[in-house]
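Undergrad: Input structure: input_10.cif, which contains mmCIF, C-alpha atoms.
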```cif
data_target
#
loop_
_atom_site.label_atom_id
_atom_site.label_comp_id
_atom_site.auth_asym_id
_atom_site.auth_seq_id
_atom_site.Cartn_x
_atom_site.Cartn_y
_atom_site.Cartn_z
CA MET F 196 -111.12 -15.18 -44.73
CA GLY F 197 -109.70 -17.36 -47.51
CA GLY F 198 -105.94 -16.96 -47.09
CA GLN F 199 -105.97 -15.59 -43.55
CA THR F 200 -103.79 -17.25 -40.93
CA GLY F 201 -103.66 -16.89 -37.18
CA PRO F 202 -106.50 -16.35 -34.73
CA VAL F 203 -109.72 -14.95 -36.07
CA PHE F 204 -112.05 -13.44 -33.50
CA TYR F 205 -115.50 -12.15 -34.30
CA ILE F 206 -117.50 -10.57 -31.52
CA TYR F 207 -121.18 -10.15 -32.25
CA TYR F 208 -123.41 -7.86 -30.25
CA GLU F 209 -127.18 -7.87 -30.50
CA GLY F 210 -128.31 -5.05 -32.75
CA MET F 211 -125.37 -5.22 -35.17
CA ARG F 212 -126.50 -4.90 -38.75
CA HIS F 213 -124.55 -7.83 -40.22
CA PRO F 214 -123.48 -10.76 -38.04
CA PRO F 215 -120.05 -12.27 -38.72
CA PRO F 216 -119.88 -15.34 -40.95
CA ILE F 217 -120.08 -18.66 -39.15
CA LEU F 218 -118.44 -21.48 -41.01
CA THR F 219 -120.19 -24.83 -40.64
CA ARG F 220 -120.21 -27.94 -42.76
CA LYS F 221 -123.20 -29.91 -41.56
CA LYS F 222 -126.73 -29.16 -42.67
CA GLU F 223 -128.16 -29.43 -39.15
CA PHE F 224 -126.11 -26.36 -38.19
CA ASP F 225 -127.15 -24.34 -41.25
CA LEU F 226 -127.93 -20.85 -40.01
CA SER F 227 -129.11 -19.40 -43.31
CA LYS F 228 -132.78 -20.15 -42.52
CA ARG F 229 -132.87 -18.53 -39.10
CA LYS F 230 -135.75 -16.20 -38.41
CA HIS F 231 -134.15 -13.45 -36.34
CA GLY F 232 -131.38 -12.77 -33.85
CA PRO F 233 -127.91 -14.19 -33.69
CA THR F 234 -127.68 -17.92 -33.23
CA ILE F 235 -124.67 -20.14 -32.82
CA VAL F 236 -123.92 -23.80 -33.43
CA PRO F 237 -126.11 -25.73 -30.93
CA ALA F 238 -123.20 -27.66 -29.42
CA LEU F 239 -121.49 -24.36 -28.50
CA SER F 240 -124.37 -22.71 -26.63
CA ALA F 241 -125.90 -23.42 -23.23
CA LYS F 242 -129.17 -21.80 -24.31
CA VAL F 243 -131.97 -23.93 -25.69
CA ASP F 244 -132.72 -21.54 -28.56
CA ASN F 245 -128.97 -21.02 -29.32
CA LYS F 246 -129.40 -17.25 -29.39
CA GLU F 247 -126.32 -15.55 -27.96
CA LYS F 248 -125.76 -11.83 -27.48
CA ARG F 249 -122.04 -12.23 -28.12
CA PHE F 250 -119.61 -14.99 -29.03
CA ILE F 251 -116.10 -15.50 -30.40
CA GLN F 252 -114.79 -17.39 -33.40
CA VAL F 253 -111.40 -19.05 -33.18
CA GLY F 254 -109.20 -19.85 -36.14
CA ASN F 255 -108.20 -23.46 -36.71
CA SER F 256 -104.55 -22.44 -37.12
CA LEU F 257 -104.53 -21.10 -33.54
CA LEU F 258 -105.98 -24.30 -32.12
CA LEU F 259 -103.43 -26.42 -34.00
CA SER F 260 -100.34 -24.25 -33.44
CA LYS F 261 -97.41 -25.59 -31.41
CA GLN F 262 -97.19 -22.37 -29.41
CA PHE F 263 -100.84 -22.64 -28.32
CA HIS F 264 -100.42 -26.34 -27.45
CA ALA F 265 -97.45 -25.43 -25.25
CA LEU F 266 -99.78 -23.39 -22.99
CA SER F 267 -101.53 -25.01 -20.05
CA THR F 268 -105.25 -25.69 -20.36
CA GLY F 269 -106.03 -22.91 -17.89
CA SER F 270 -104.00 -20.40 -19.91
CA ARG F 271 -105.77 -21.37 -23.10
CA PHE F 272 -109.15 -20.93 -21.40
CA LEU F 273 -108.06 -17.54 -20.03
CA TYR F 274 -106.95 -16.50 -23.54
CA PHE F 275 -110.45 -17.25 -24.86
CA CYS F 276 -112.03 -15.38 -21.93
CA MET F 277 -109.79 -12.41 -22.71
CA ALA F 278 -110.90 -12.59 -26.34
CA MET F 279 -114.52 -12.49 -25.21
CA GLU F 280 -113.97 -9.60 -22.80
CA SER F 281 -111.88 -7.59 -25.30
CA GLY F 282 -114.85 -7.20 -27.62
CA GLY F 283 -112.61 -7.64 -30.66
CA ARG F 284 -110.18 -4.88 -29.61
CA LYS F 285 -106.41 -5.32 -29.35
CA ASN F 286 -106.16 -3.42 -26.03
CA PHE F 287 -108.48 -4.31 -23.18
CA ILE F 288 -108.87 -4.66 -19.43
CA LEU F 289 -109.81 -7.79 -17.48
CA PRO F 290 -110.94 -7.02 -13.94
CA GLN F 291 -110.65 -9.78 -11.36
CA LYS F 292 -114.46 -9.88 -11.04
CA ASP F 293 -114.73 -10.79 -14.74
CA ALA F 294 -112.21 -13.59 -14.27
CA LYS F 295 -114.28 -14.86 -11.31
CA LYS F 296 -117.35 -14.78 -13.57
CA TYR F 297 -115.59 -17.39 -15.75
CA GLY F 298 -114.56 -19.45 -12.71
CA ILE F 299 -110.91 -18.37 -12.60
CA ALA F 300 -109.52 -17.90 -9.08
CA PRO F 301 -107.23 -14.88 -8.39
CA SER F 302 -104.17 -17.09 -7.81
CA GLY F 303 -104.82 -18.99 -11.04
CA LEU F 304 -105.40 -15.73 -12.86
CA ARG F 305 -101.92 -14.43 -11.96
CA LYS F 306 -100.32 -17.76 -12.89
CA HIS F 307 -102.03 -17.94 -16.29
CA ILE F 308 -101.38 -14.26 -17.08
CA ASN F 309 -97.67 -14.81 -16.38
CA GLU F 310 -97.69 -17.87 -18.66
CA LEU F 311 -99.44 -15.99 -21.49
CA LYS F 312 -97.01 -13.09 -21.04
CA ALA F 313 -93.96 -15.40 -21.10
CA ALA F 314 -95.27 -17.11 -24.25
CA ARG F 315 -95.74 -13.65 -25.88
CA PHE F 316 -99.51 -14.01 -26.36
CA ILE F 317 -100.30 -10.91 -24.31
CA ARG F 318 -98.55 -7.80 -22.98
CA VAL F 319 -99.41 -6.39 -19.55
CA TYR F 320 -99.17 -2.63 -19.15
CA SER F 321 -100.03 -1.77 -15.55
CA GLU F 322 -98.89 -4.44 -13.11
CA LYS F 323 -99.11 -2.22 -10.05
CA PRO F 324 -100.85 -3.41 -6.90
CA THR F 325 -103.64 -0.84 -7.13
CA ARG F 326 -107.39 -1.19 -7.13
CA GLU F 327 -107.53 -0.49 -10.86
CA PRO F 328 -107.59 -3.42 -13.31
CA ASN F 329 -104.51 -4.14 -15.40
CA ARG F 330 -104.45 -3.14 -19.05
CA TYR F 331 -103.61 -5.87 -21.56
CA GLU F 332 -102.79 -6.07 -25.24
CA PHE F 333 -102.95 -9.06 -27.56
CA CYS F 334 -99.52 -9.66 -29.11
CA LEU F 335 -98.76 -11.30 -32.41
CA SER F 336 -95.07 -11.91 -31.66
CA TRP F 337 -95.82 -15.49 -30.59
CA LYS F 338 -96.27 -16.28 -34.29
CA LEU F 339 -92.65 -15.35 -35.08
CA PRO F 340 -89.85 -17.89 -34.69
CA PRO F 341 -87.72 -17.30 -31.59
CA SER F 342 -84.78 -15.01 -32.16
CA PRO F 343 -81.34 -16.40 -31.26
CA LEU F 344 -80.69 -13.22 -29.26
CA ARG F 345 -83.89 -13.71 -27.25
CA SER F 346 -83.16 -17.34 -26.44
CA HIS F 347 -79.66 -16.82 -24.98
CA THR F 348 -78.35 -14.58 -22.27
CA LEU F 349 -75.93 -12.04 -23.66
CA MET F 350 -72.45 -12.14 -22.22
CA ALA F 351 -69.91 -9.41 -22.89
CA ILE F 352 -66.19 -9.93 -22.82
CA VAL F 353 -64.20 -6.73 -22.56
CA VAL F 354 -60.56 -6.75 -23.60
CA ASN F 355 -58.02 -3.93 -23.20
CA LEU F 356 -56.17 -3.95 -26.52
CA SER F 357 -53.51 -1.40 -25.83
CA ARG F 358 -52.68 1.77 -24.01
CA MET F 359 -51.56 4.50 -26.36
CA GLU F 360 -50.22 7.92 -25.62
CA THR F 361 -51.94 10.81 -27.35
CA ARG F 362 -50.18 13.89 -28.75
CA ALA F 363 -51.00 15.80 -25.58
CA GLY F 364 -49.17 13.21 -23.52
CA ARG F 365 -52.24 11.59 -22.02
CA LYS F 366 -52.63 7.86 -22.04
CA LYS F 367 -55.60 6.49 -23.92
CA SER F 368 -56.92 2.96 -23.71
CA HIS F 369 -58.54 1.07 -26.56
CA TRP F 370 -61.14 -1.45 -25.55
CA LEU F 371 -62.77 -4.21 -27.52
CA CYS F 372 -66.14 -5.55 -26.47
CA LEU F 373 -67.08 -9.02 -27.72
CA LEU F 374 -70.64 -10.23 -27.42
CA GLU F 375 -71.14 -13.92 -26.97
#
```
Represent the structure from my file as structure tokens, please.

TA:
Amino acid sequence: MGGQTGPVFYIYYEGMRHPPPILTRKKEFDLSKRKHGPTIVPALSAKVDNKEKRFIQVGNSLLLSKQFHALSTGSRFLYFCMAMESGGRKNFILPQKDAKKYGIAPSGLRKHINELKAARFIRVYSEKPTREPNRYEFCLSWKLPPSPLRSHTLMAIVVNLSRMETRAGRKKSHWLCLLE
């Protein structure tokens, strides 16, 4: 993890052989002396014994990035919920019932998904009004600087340069297309 940038998610499930590394600085959160089972920093668990079946780790560079700060608080929370539900996979589904489990209303869910999609954090694959949940994919394109072609609407100017006669006697036009 030394030179790694961007979000870092670790999902831990009970029964995994080696839990992911948890980086802490204070001695009171030292997990090296734990007896058994996965534990997490006490301030980040609602359980008294701090034993969680699964959890996520978030990279500091994600939390401090301008693109992430530009998202609304609800969209950031939804992004973390998606990270939890994805189980560490790039492609995942998020049924409405799972969003409700995290306290996200259906109207807010659509709003925040559209915001994450517009900010290029996620891609939605099946936006049909069916009873099946949408399929999502985490995107990394939000890390790239915006392209000048993406930020402006393309306008084409078409100019007729000349009308020439071919050897067969037909008239042929030459057109020039300028992109602005």

Undergrad: To one decimal in Å, tell me the separation between atom CA of Ala265 of chain F and atom CA of Ile235 of chain F.

TA: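 Distance reported for this atom pair: 28.7 Å.
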
Undergrad: Please write the residues picked by the PyMOL selection byres ((chain F and resi 310) around 12) on this file as number ranges by chain.

TA: F: 262-263, 265-271, 273-274, 303-309, 311-319

Undergrad: Can you write just those residues out, C-alpha atoms, as a CSV table (one decimal), keeping the file's coordinate frame?

TA:
```
chain,number,residue,atom,x,y,z
F,262,GLN,CA,-97.2,-22.4,-29.4
F,263,PHE,CA,-100.8,-22.6,-28.3
F,265,ALA,CA,-97.4,-25.4,-25.2
F,266,LEU,CA,-99.8,-23.4,-23.0
F,267,SER,CA,-101.5,-25.0,-20.0
F,268,THR,CA,-105.2,-25.7,-20.4
F,269,GLY,CA,-106.0,-22.9,-17.9
F,270,SER,CA,-104.0,-20.4,-19.9
F,271,ARG,CA,-105.8,-21.4,-23.1
F,273,LEU,CA,-108.1,-17.5,-20.0
F,274,TYR,CA,-107.0,-16.5,-23.5
F,303,GLY,CA,-104.8,-19.0,-11.0
F,304,LEU,CA,-105.4,-15.7,-12.9
F,305,ARG,CA,-101.9,-14.4,-12.0
F,306,LYS,CA,-100.3,-17.8,-12.9
F,307,HIS,CA,-102.0,-17.9,-16.3
F,308,ILE,CA,-101.4,-14.3,-17.1
F,309,ASN,CA,-97.7,-14.8,-16.4
F,311,LEU,CA,-99.4,-16.0,-21.5
F,312,LYS,CA,-97.0,-13.1,-21.0
F,313,ALA,CA,-94.0,-15.4,-21.1
F,314,ALA,CA,-95.3,-17.1,-24.2
F,315,ARG,CA,-95.7,-13.6,-25.9
F,316,PHE,CA,-99.5,-14.0,-26.4
F,317,ILE,CA,-100.3,-10.9,-24.3
F,318,ARG,CA,-98.6,-7.8,-23.0
F,319,VAL,CA,-99.4,-6.4,-19.6
```

Undergrad: Please evaluate the PyMOL selection byres ((chain F and resi 278) around 10) against the displayed coordinates and give the resulting residues as a ChimeraX atom specification.

TA: /F:204-206,250-253,272-277,279-285,287,333

Undergrad: Suppose we keep C-alpha atoms; can you now write the selection as a PDB file, in the frame of the given file?

TA:
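Final output, part_7.pdb:
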```
ATOM      1  CA  PHE F 204    -112.050 -13.440 -33.500  1.00  0.00           C
ATOM      2  CA  TYR F 205    -115.500 -12.150 -34.300  1.00  0.00           C
ATOM      3  CA  ILE F 206    -117.500 -10.570 -31.520  1.00  0.00           C
ATOM      4  CA  PHE F 250    -119.610 -14.990 -29.030  1.00  0.00           C
ATOM      5  CA  ILE F 251    -116.100 -15.500 -30.400  1.00  0.00           C
ATOM      6  CA  GLN F 252    -114.790 -17.390 -33.400  1.00  0.00           C
ATOM      7  CA  VAL F 253    -111.400 -19.050 -33.180  1.00  0.00           C
ATOM      8  CA  PHE F 272    -109.150 -20.930 -21.400  1.00  0.00           C
ATOM      9  CA  LEU F 273    -108.060 -17.540 -20.030  1.00  0.00           C
ATOM     10  CA  TYR F 274    -106.950 -16.500 -23.540  1.00  0.00           C
ATOM     11  CA  PHE F 275    -110.450 -17.250 -24.860  1.00  0.00           C
ATOM     12  CA  CYS F 276    -112.030 -15.380 -21.930  1.00  0.00           C
ATOM     13  CA  MET F 277    -109.790 -12.410 -22.710  1.00  0.00           C
ATOM     14  CA  MET F 279    -114.520 -12.490 -25.210  1.00  0.00           C
ATOM     15  CA  GLU F 280    -113.970  -9.600 -22.800  1.00  0.00           C
ATOM     16  CA  SER F 281    -111.880  -7.590 -25.300  1.00  0.00           C
ATOM     17  CA  GLY F 282    -114.850  -7.200 -27.620  1.00  0.00           C
ATOM     18  CA  GLY F 283    -112.610  -7.640 -30.660  1.00  0.00           C
ATOM     19  CA  ARG F 284    -110.180  -4.880 -29.610  1.00  0.00           C
ATOM     20  CA  LYS F 285    -106.410  -5.320 -29.350  1.00  0.00           C
ATOM     21  CA  PHE F 287    -108.480  -4.310 -23.180  1.00  0.00           C
ATOM     22  CA  PHE F 333    -102.950  -9.060 -27.560  1.00  0.00           C
TER      23      PHE F 333
END
```

Undergrad: Between atom CA of Pro301 of chain F and atom CA of Asn286 of chain F, measure the distance and give it in Å to one decimal.

TA: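 These atoms are spaced 21.1 Å apart.
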
Undergrad: Would you work out the distance separating atom CA of Tyr320 of chain F from atom CA of Asn255 of chain F, expressed in Å to one decimal?

TA: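 A separation of 28.7 Å between them.
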
Undergrad: Kindly reconstruct segment 236-270 of chain F with N, CA and C atoms and present the result as a PDB file, keeping the file's coordinate frame.

TA:
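Result saved to out08.pdb:
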```pdb
ATOM      1  N   VAL F 236    -123.854 -22.353 -33.300  1.00  0.00           N
ATOM      2  CA  VAL F 236    -123.920 -23.800 -33.430  1.00  0.00           C
ATOM      3  C   VAL F 236    -124.460 -24.382 -32.111  1.00  0.00           C
ATOM      4  N   PRO F 237    -125.474 -25.235 -32.151  1.00  0.00           N
ATOM      5  CA  PRO F 237    -126.110 -25.730 -30.930  1.00  0.00           C
ATOM      6  C   PRO F 237    -125.156 -26.351 -29.917  1.00  0.00           C
ATOM      7  N   ALA F 238    -124.134 -27.025 -30.360  1.00  0.00           N
ATOM      8  CA  ALA F 238    -123.200 -27.660 -29.420  1.00  0.00           C
ATOM      9  C   ALA F 238    -122.344 -26.644 -28.672  1.00  0.00           C
ATOM     10  N   LEU F 239    -122.327 -25.389 -29.121  1.00  0.00           N
ATOM     11  CA  LEU F 239    -121.490 -24.360 -28.500  1.00  0.00           C
ATOM     12  C   LEU F 239    -122.293 -23.330 -27.712  1.00  0.00           C
ATOM     13  N   SER F 240    -123.540 -23.633 -27.401  1.00  0.00           N
ATOM     14  CA  SER F 240    -124.370 -22.710 -26.630  1.00  0.00           C
ATOM     15  C   SER F 240    -125.055 -23.476 -25.511  1.00  0.00           C
ATOM     16  N   ALA F 241    -125.181 -22.817 -24.352  1.00  0.00           N
ATOM     17  CA  ALA F 241    -125.900 -23.420 -23.230  1.00  0.00           C
ATOM     18  C   ALA F 241    -127.383 -23.083 -23.284  1.00  0.00           C
ATOM     19  N   LYS F 242    -127.773 -22.191 -24.184  1.00  0.00           N
ATOM     20  CA  LYS F 242    -129.170 -21.800 -24.310  1.00  0.00           C
ATOM     21  C   LYS F 242    -129.908 -22.776 -25.213  1.00  0.00           C
ATOM     22  N   VAL F 243    -131.162 -22.997 -24.905  1.00  0.00           N
ATOM     23  CA  VAL F 243    -131.970 -23.930 -25.690  1.00  0.00           C
ATOM     24  C   VAL F 243    -132.205 -23.418 -27.097  1.00  0.00           C
ATOM     25  N   ASP F 244    -132.442 -22.099 -27.241  1.00  0.00           N
ATOM     26  CA  ASP F 244    -132.720 -21.540 -28.560  1.00  0.00           C
ATOM     27  C   ASP F 244    -131.447 -21.135 -29.320  1.00  0.00           C
ATOM     28  N   ASN F 245    -130.278 -21.312 -28.714  1.00  0.00           N
ATOM     29  CA  ASN F 245    -128.970 -21.020 -29.320  1.00  0.00           C
ATOM     30  C   ASN F 245    -128.782 -19.557 -29.699  1.00  0.00           C
ATOM     31  N   LYS F 246    -129.540 -18.672 -29.103  1.00  0.00           N
ATOM     32  CA  LYS F 246    -129.400 -17.250 -29.390  1.00  0.00           C
ATOM     33  C   LYS F 246    -128.450 -16.654 -28.351  1.00  0.00           C
ATOM     34  N   GLU F 247    -127.341 -16.137 -28.824  1.00  0.00           N
ATOM     35  CA  GLU F 247    -126.320 -15.550 -27.960  1.00  0.00           C
ATOM     36  C   GLU F 247    -126.181 -14.068 -28.284  1.00  0.00           C
ATOM     37  N   LYS F 248    -125.981 -13.249 -27.250  1.00  0.00           N
ATOM     38  CA  LYS F 248    -125.760 -11.830 -27.480  1.00  0.00           C
ATOM     39  C   LYS F 248    -124.362 -11.572 -28.026  1.00  0.00           C
ATOM     40  N   ARG F 249    -123.396 -12.369 -27.600  1.00  0.00           N
ATOM     41  CA  ARG F 249    -122.040 -12.230 -28.120  1.00  0.00           C
ATOM     42  C   ARG F 249    -121.338 -13.581 -28.079  1.00  0.00           C
ATOM     43  N   PHE F 250    -120.381 -13.750 -28.978  1.00  0.00           N
ATOM     44  CA  PHE F 250    -119.610 -14.990 -29.030  1.00  0.00           C
ATOM     45  C   PHE F 250    -118.303 -14.705 -29.759  1.00  0.00           C
ATOM     46  N   ILE F 251    -117.375 -15.655 -29.697  1.00  0.00           N
ATOM     47  CA  ILE F 251    -116.100 -15.500 -30.400  1.00  0.00           C
ATOM     48  C   ILE F 251    -115.964 -16.628 -31.410  1.00  0.00           C
ATOM     49  N   GLN F 252    -115.197 -16.358 -32.448  1.00  0.00           N
ATOM     50  CA  GLN F 252    -114.790 -17.390 -33.400  1.00  0.00           C
ATOM     51  C   GLN F 252    -113.294 -17.539 -33.271  1.00  0.00           C
ATOM     52  N   VAL F 253    -112.819 -18.773 -33.341  1.00  0.00           N
ATOM     53  CA  VAL F 253    -111.400 -19.050 -33.180  1.00  0.00           C
ATOM     54  C   VAL F 253    -110.898 -19.738 -34.441  1.00  0.00           C
ATOM     55  N   GLY F 254    -109.781 -19.255 -34.948  1.00  0.00           N
ATOM     56  CA  GLY F 254    -109.200 -19.850 -36.140  1.00  0.00           C
ATOM     57  C   GLY F 254    -108.603 -21.220 -35.868  1.00  0.00           C
ATOM     58  N   ASN F 255    -108.727 -22.107 -36.831  1.00  0.00           N
ATOM     59  CA  ASN F 255    -108.200 -23.460 -36.710  1.00  0.00           C
ATOM     60  C   ASN F 255    -106.675 -23.443 -36.546  1.00  0.00           C
ATOM     61  N   SER F 256    -106.014 -22.497 -37.202  1.00  0.00           N
ATOM     62  CA  SER F 256    -104.550 -22.440 -37.120  1.00  0.00           C
ATOM     63  C   SER F 256    -104.090 -22.118 -35.692  1.00  0.00           C
ATOM     64  N   LEU F 257    -104.874 -21.356 -34.938  1.00  0.00           N
ATOM     65  CA  LEU F 257    -104.530 -21.100 -33.540  1.00  0.00           C
ATOM     66  C   LEU F 257    -104.654 -22.378 -32.723  1.00  0.00           C
ATOM     67  N   LEU F 258    -105.747 -23.079 -32.896  1.00  0.00           N
ATOM     68  CA  LEU F 258    -105.980 -24.300 -32.120  1.00  0.00           C
ATOM     69  C   LEU F 258    -104.941 -25.384 -32.414  1.00  0.00           C
ATOM     70  N   LEU F 259    -104.387 -25.385 -33.617  1.00  0.00           N
ATOM     71  CA  LEU F 259    -103.430 -26.420 -34.000  1.00  0.00           C
ATOM     72  C   LEU F 259    -101.965 -25.987 -33.872  1.00  0.00           C
ATOM     73  N   SER F 260    -101.720 -24.740 -33.490  1.00  0.00           N
ATOM     74  CA  SER F 260    -100.340 -24.250 -33.440  1.00  0.00           C
ATOM     75  C   SER F 260     -99.573 -24.851 -32.252  1.00  0.00           C
ATOM     76  N   LYS F 261     -98.280 -25.035 -32.451  1.00  0.00           N
ATOM     77  CA  LYS F 261     -97.410 -25.590 -31.410  1.00  0.00           C
ATOM     78  C   LYS F 261     -97.322 -24.650 -30.213  1.00  0.00           C
ATOM     79  N   GLN F 262     -97.295 -23.351 -30.489  1.00  0.00           N
ATOM     80  CA  GLN F 262     -97.190 -22.370 -29.410  1.00  0.00           C
ATOM     81  C   GLN F 262     -98.432 -22.421 -28.509  1.00  0.00           C
ATOM     82  N   PHE F 263     -99.608 -22.586 -29.105  1.00  0.00           N
ATOM     83  CA  PHE F 263    -100.840 -22.640 -28.320  1.00  0.00           C
ATOM     84  C   PHE F 263    -100.913 -23.953 -27.540  1.00  0.00           C
ATOM     85  N   HIS F 264    -100.435 -25.048 -28.141  1.00  0.00           N
ATOM     86  CA  HIS F 264    -100.420 -26.340 -27.450  1.00  0.00           C
ATOM     87  C   HIS F 264     -99.454 -26.333 -26.276  1.00  0.00           C
ATOM     88  N   ALA F 265     -98.432 -25.494 -26.340  1.00  0.00           N
ATOM     89  CA  ALA F 265     -97.450 -25.430 -25.250  1.00  0.00           C
ATOM     90  C   ALA F 265     -98.038 -24.773 -23.993  1.00  0.00           C
ATOM     91  N   LEU F 266     -99.132 -24.022 -24.143  1.00  0.00           N
ATOM     92  CA  LEU F 266     -99.780 -23.390 -22.990  1.00  0.00           C
ATOM     93  C   LEU F 266    -100.552 -24.426 -22.179  1.00  0.00           C
ATOM     94  N   SER F 267    -100.709 -24.148 -20.889  1.00  0.00           N
ATOM     95  CA  SER F 267    -101.530 -25.010 -20.050  1.00  0.00           C
ATOM     96  C   SER F 267    -102.997 -24.821 -20.436  1.00  0.00           C
ATOM     97  N   THR F 268    -103.823 -25.768 -20.049  1.00  0.00           N
ATOM     98  CA  THR F 268    -105.250 -25.690 -20.360  1.00  0.00           C
ATOM     99  C   THR F 268    -105.883 -24.449 -19.762  1.00  0.00           C
ATOM    100  N   GLY F 269    -105.494 -24.097 -18.544  1.00  0.00           N
ATOM    101  CA  GLY F 269    -106.030 -22.910 -17.890  1.00  0.00           C
ATOM    102  C   GLY F 269    -105.655 -21.633 -18.623  1.00  0.00           C
ATOM    103  N   SER F 270    -104.440 -21.580 -19.162  1.00  0.00           N
ATOM    104  CA  SER F 270    -104.000 -20.400 -19.910  1.00  0.00           C
ATOM    105  C   SER F 270    -104.739 -20.280 -21.226  1.00  0.00           C
TER     106      SER F 270
END
```
